[in-house]
2 protein chains.
Amino acid sequence: MSISADILRGHTDTIILAQLAAGDSYGYEIGKNVSQLSGGACGFKEATLYTAFRRLEQNGMISSYWGQEGPGARRRYYAITPAGRDQLEADRREWSETKAVLDALIVKEG
Amino acid sequence: MSISADILRGHTDTIILAQLAAGDSYGYEIGKNVSQLSGGACGFKEATLYTAFRRLEQNGMISSYWGQEGPGARRRYYAITPAGRDQLEADRREWSETKAVLDALIVKEG
DNA sequence: CACGATACCTTGACAGGCGAGGTATGTTGT
DNA sequence: ACAACATACCTCGCCTGTCAAGGTATCGTG
């Protein structure tokens, strides 16, 4: 986990939306995927993840439903909403600008 | 201010260190520089800035001294310490990794 | 039947950003 | 002379997102 929580802060929702843009998924899986995709550089703590789901659902960015697996641990699936896709678009644009701005502020001297 | 505070969070100290790496400066000036360098995309609120100075000084990343201007508003100058430069190096490396990881998580689908 | 993996959830503490408020000096306009 | 604004500093307390710690339930394996 070489990327600190404070730096990830603010990207949590975006990362979740990006995962859901590829298809419905559930908490445990999203957590695993993020760890894997980041090469272990970062990952969500469970509390962080579920807090984010509540927030996103309350804001209408995602919706949820219980999966119909046979017997076994139940899963709550999440789906991105149209509003969520709009938000993701905006977040991606913001991320693009963030990179440019922080490169100017952090990487370059003075 | 198109870059949200939550995204900037965690970069505050790094940005200040990067500014001070180019030479001693004081709060008001650093604030102006950051706004300018970011093209108005982001900026520090005063409270944020001065909180960060306290934190950085307490952690030995910067030191401070009062400027000797003639009459006029007094300025407290800050200088980066060797430990601060080490931290800045580490932060820059982390930023580099952050860009790669978040590109993988946010920009690419699934 | 114990143990680990899967899978969900809540509570309370903590830390950083910042709105709101304050102080003091110098300059500029009327 | 006096108001208004820019410079320049500071603190208090709220808000929000993260997360350690704790909990629940099911399934497969030894």
# chains A, B, ... in the order shown; residues from 1 in each chain; ligands from 1
call {"tool": "interface_residues", "arguments": {"of": "chain A", "to": "chain B", "cutoff": "9 Å", "atoms": "only C-alpha atoms", "output": "PyMOL selection string"}}
result
chain A and resi 2-11+14-23+33-34+37-39+41-42+88+91-92+94-95+97-110
call {"tool": "interface_residues", "arguments": {"of": "chain D", "to": "chain A", "cutoff": "9 Å", "atoms": "only C-alpha atoms (C1' of nucleotides)", "output": "MDAnalysis selection string"}}
result
chainID D and resid 17:19 25:27
call {"tool": "write_last_selection", "arguments": {"atoms": "N, CA and C atoms (P, O5', C5', C4', C3', O3' and C1' of nucleotides)", "output": "PDB file, in the first residue's frame"}}
result
ATOM      1  P    DG D  17     -17.645  13.181   2.333  1.00  0.00           P
ATOM      2  O5'  DG D  17     -16.343  12.264   2.337  1.00  0.00           O
ATOM      3  C5'  DG D  17     -15.096  12.816   1.938  1.00  0.00           C
ATOM      4  C4'  DG D  17     -13.963  11.962   2.471  1.00  0.00           C
ATOM      5  C3'  DG D  17     -14.143  10.457   2.238  1.00  0.00           C
ATOM      6  O3'  DG D  17     -12.910   9.918   1.819  1.00  0.00           O
ATOM      7  C1'  DG D  17     -13.862  10.903   4.555  1.00  0.00           C
ATOM      8  P    DT D  18     -12.716   8.355   1.538  1.00  0.00           P
ATOM      9  O5'  DT D  18     -11.882   7.887   2.815  1.00  0.00           O
ATOM     10  C5'  DT D  18     -10.580   8.433   3.016  1.00  0.00           C
ATOM     11  C4'  DT D  18      -9.964   7.870   4.287  1.00  0.00           C
ATOM     12  C3'  DT D  18      -9.868   6.334   4.325  1.00  0.00           C
ATOM     13  O3'  DT D  18      -8.540   5.991   4.695  1.00  0.00           O
ATOM     14  C1'  DT D  18     -10.912   7.155   6.298  1.00  0.00           C
ATOM     15  P    DC D  19      -8.043   4.437   4.603  1.00  0.00           P
ATOM     16  O5'  DC D  19      -8.386   3.873   6.057  1.00  0.00           O
ATOM     17  C5'  DC D  19      -7.751   4.461   7.197  1.00  0.00           C
ATOM     18  C4'  DC D  19      -8.289   3.800   8.447  1.00  0.00           C
ATOM     19  C3'  DC D  19      -8.472   2.272   8.321  1.00  0.00           C
ATOM     20  O3'  DC D  19      -8.074   1.665   9.533  1.00  0.00           O
ATOM     21  C1'  DC D  19     -10.445   3.227   9.038  1.00  0.00           C
ATOM     22  P    DA D  25     -26.249 -14.335  12.996  1.00  0.00           P
ATOM     23  O5'  DA D  25     -25.864 -14.883  11.539  1.00  0.00           O
ATOM     24  C5'  DA D  25     -26.448 -14.299  10.375  1.00  0.00           C
ATOM     25  C4'  DA D  25     -25.816 -14.906   9.138  1.00  0.00           C
ATOM     26  C3'  DA D  25     -25.717 -16.425   9.175  1.00  0.00           C
ATOM     27  O3'  DA D  25     -26.509 -16.991   8.135  1.00  0.00           O
ATOM     28  C1'  DA D  25     -23.691 -15.429   8.407  1.00  0.00           C
ATOM     29  P    DT D  26     -26.621 -18.608   8.002  1.00  0.00           P
ATOM     30  O5'  DT D  26     -25.645 -18.924   6.781  1.00  0.00           O
ATOM     31  C5'  DT D  26     -25.877 -18.319   5.506  1.00  0.00           C
ATOM     32  C4'  DT D  26     -24.748 -18.701   4.568  1.00  0.00           C
ATOM     33  C3'  DT D  26     -24.566 -20.212   4.406  1.00  0.00           C
ATOM     34  O3'  DT D  26     -24.657 -20.539   3.026  1.00  0.00           O
ATOM     35  C1'  DT D  26     -22.492 -19.147   4.868  1.00  0.00           C
ATOM     36  P    DC D  27     -24.863 -22.061   2.562  1.00  0.00           P
ATOM     37  O5'  DC D  27     -23.378 -22.495   2.175  1.00  0.00           O
ATOM     38  C5'  DC D  27     -22.703 -21.830   1.094  1.00  0.00           C
ATOM     39  C4'  DC D  27     -21.227 -22.196   1.116  1.00  0.00           C
ATOM     40  C3'  DC D  27     -20.934 -23.694   1.103  1.00  0.00           C
ATOM     41  O3'  DC D  27     -20.343 -24.039  -0.148  1.00  0.00           O
ATOM     42  C1'  DC D  27     -19.542 -22.501   2.653  1.00  0.00           C
TER      43       DC D  27
END
call {"tool": "interface_residues", "arguments": {"of": "chain C", "to": "chain A", "cutoff": "8 Å", "atoms": "only C-alpha atoms (C1' of nucleotides)", "output": "list in words"}}
result
DT6, DA7 and DC8 of chain C
call {"tool": "select_by_dssp", "arguments": {"residues": "chain A", "states": "helix (DSSP H, G or I)", "output": "PyMOL selection string"}}
result
chain A and resi 5-8+12-21+27-37+46-58+82-107
call {"tool": "atom_distance", "arguments": {"atom1": "C1' of DA2 (chain C)", "atom2": "C1' of DT29 (chain D)"}}
result
10.5 Å
call {"tool": "atom_distance", "arguments": {"atom1": "CA of Asp13 (chain B)", "atom2": "CA of Arg85 (chain B)"}}
result
11.8 Å
call {"tool": "residues_around", "arguments": {"residues": "Asp24 (chain A)", "least_positions_apart": "5", "cutoff": "8 Å", "atoms": "only C-alpha atoms (C1' of nucleotides)", "output": "PyMOL selection string"}}
result
chain A and resi 77-80
call {"tool": "write_last_selection", "arguments": {"atoms": "N, CA and C atoms", "output": "mmCIF file, in the first residue's frame"}}
result
data_model
loop_
_atom_site.group_PDB
_atom_site.id
_atom_site.type_symbol
_atom_site.label_atom_id
_atom_site.label_comp_id
_atom_site.auth_asym_id
_atom_site.auth_seq_id
_atom_site.Cartn_x
_atom_site.Cartn_y
_atom_site.Cartn_z
ATOM 1 N N TYR A 77 -25.314 -6.449 -5.075
ATOM 2 C CA TYR A 77 -24.741 -5.924 -6.314
ATOM 3 C C TYR A 77 -25.047 -4.447 -6.469
ATOM 4 N N TYR A 78 -24.103 -3.764 -7.097
ATOM 5 C CA TYR A 78 -24.301 -2.338 -7.374
ATOM 6 C C TYR A 78 -24.229 -2.107 -8.871
ATOM 7 N N ALA A 79 -25.039 -1.144 -9.329
ATOM 8 C CA ALA A 79 -25.067 -0.768 -10.739
ATOM 9 C C ALA A 79 -24.928 0.747 -10.830
ATOM 10 N N ILE A 80 -24.202 1.203 -11.817
ATOM 11 C CA ILE A 80 -24.043 2.642 -12.010
ATOM 12 C C ILE A 80 -25.285 3.195 -12.698
#
call {"tool": "residues_around", "arguments": {"residues": "DT27 (chain C)", "least_positions_apart": "2", "cutoff": "10 Å", "atoms": "only C-alpha atoms (C1' of nucleotides)", "output": "list in words"}}
result
DT25 and DG29 of chain C; DC5, DA6 and DT7 of chain D
call {"tool": "write_last_selection", "arguments": {"atoms": "N, CA and C atoms (P, O5', C5', C4', C3', O3' and C1' of nucleotides)", "output": "mmCIF file, in the first residue's frame"}}
result
data_model
loop_
_atom_site.group_PDB
_atom_site.id
_atom_site.type_symbol
_atom_site.label_atom_id
_atom_site.label_comp_id
_atom_site.auth_asym_id
_atom_site.auth_seq_id
_atom_site.Cartn_x
_atom_site.Cartn_y
_atom_site.Cartn_z
ATOM 1 P P DT C 25 0.217 48.592 13.823
ATOM 2 O "O5'" DT C 25 0.604 48.592 12.279
ATOM 3 C "C5'" DT C 25 1.730 47.825 11.819
ATOM 4 C "C4'" DT C 25 1.795 47.892 10.317
ATOM 5 C "C3'" DT C 25 1.896 49.316 9.763
ATOM 6 O "O3'" DT C 25 3.052 49.413 8.956
ATOM 7 C "C1'" DT C 25 0.211 48.084 8.646
ATOM 8 P P DG C 29 -5.349 55.661 -6.979
ATOM 9 O "O5'" DG C 29 -6.862 56.070 -6.669
ATOM 10 C "C5'" DG C 29 -7.770 55.077 -6.121
ATOM 11 C "C4'" DG C 29 -8.934 55.788 -5.432
ATOM 12 C "C3'" DG C 29 -9.377 57.096 -6.096
ATOM 13 O "O3'" DG C 29 -10.799 57.155 -6.079
ATOM 14 C "C1'" DG C 29 -8.814 57.516 -3.835
ATOM 15 P P DC D 5 -13.743 48.356 -0.873
ATOM 16 O "O5'" DC D 5 -12.242 47.853 -1.102
ATOM 17 C "C5'" DC D 5 -11.415 48.542 -2.056
ATOM 18 C "C4'" DC D 5 -9.960 48.180 -1.846
ATOM 19 C "C3'" DC D 5 -9.703 46.677 -1.687
ATOM 20 O "O3'" DC D 5 -8.777 46.265 -2.669
ATOM 21 C "C1'" DC D 5 -8.500 47.929 -0.071
ATOM 22 P P DA D 6 -8.562 44.734 -2.994
ATOM 23 O "O5'" DA D 6 -7.003 44.562 -2.666
ATOM 24 C "C5'" DA D 6 -6.063 45.422 -3.309
ATOM 25 C "C4'" DA D 6 -4.732 45.336 -2.576
ATOM 26 C "C3'" DA D 6 -4.258 43.906 -2.320
ATOM 27 O "O3'" DA D 6 -2.912 43.774 -2.750
ATOM 28 C "C1'" DA D 6 -4.265 45.149 -0.289
ATOM 29 P P DT D 7 -2.208 42.364 -2.705
ATOM 30 O "O5'" DT D 7 -1.446 42.424 -1.309
ATOM 31 C "C5'" DT D 7 -0.367 43.327 -1.150
ATOM 32 C "C4'" DT D 7 0.081 43.367 0.286
ATOM 33 C "C3'" DT D 7 0.655 42.044 0.826
ATOM 34 O "O3'" DT D 7 1.984 42.285 1.236
ATOM 35 C "C1'" DT D 7 -0.854 43.022 2.371
#
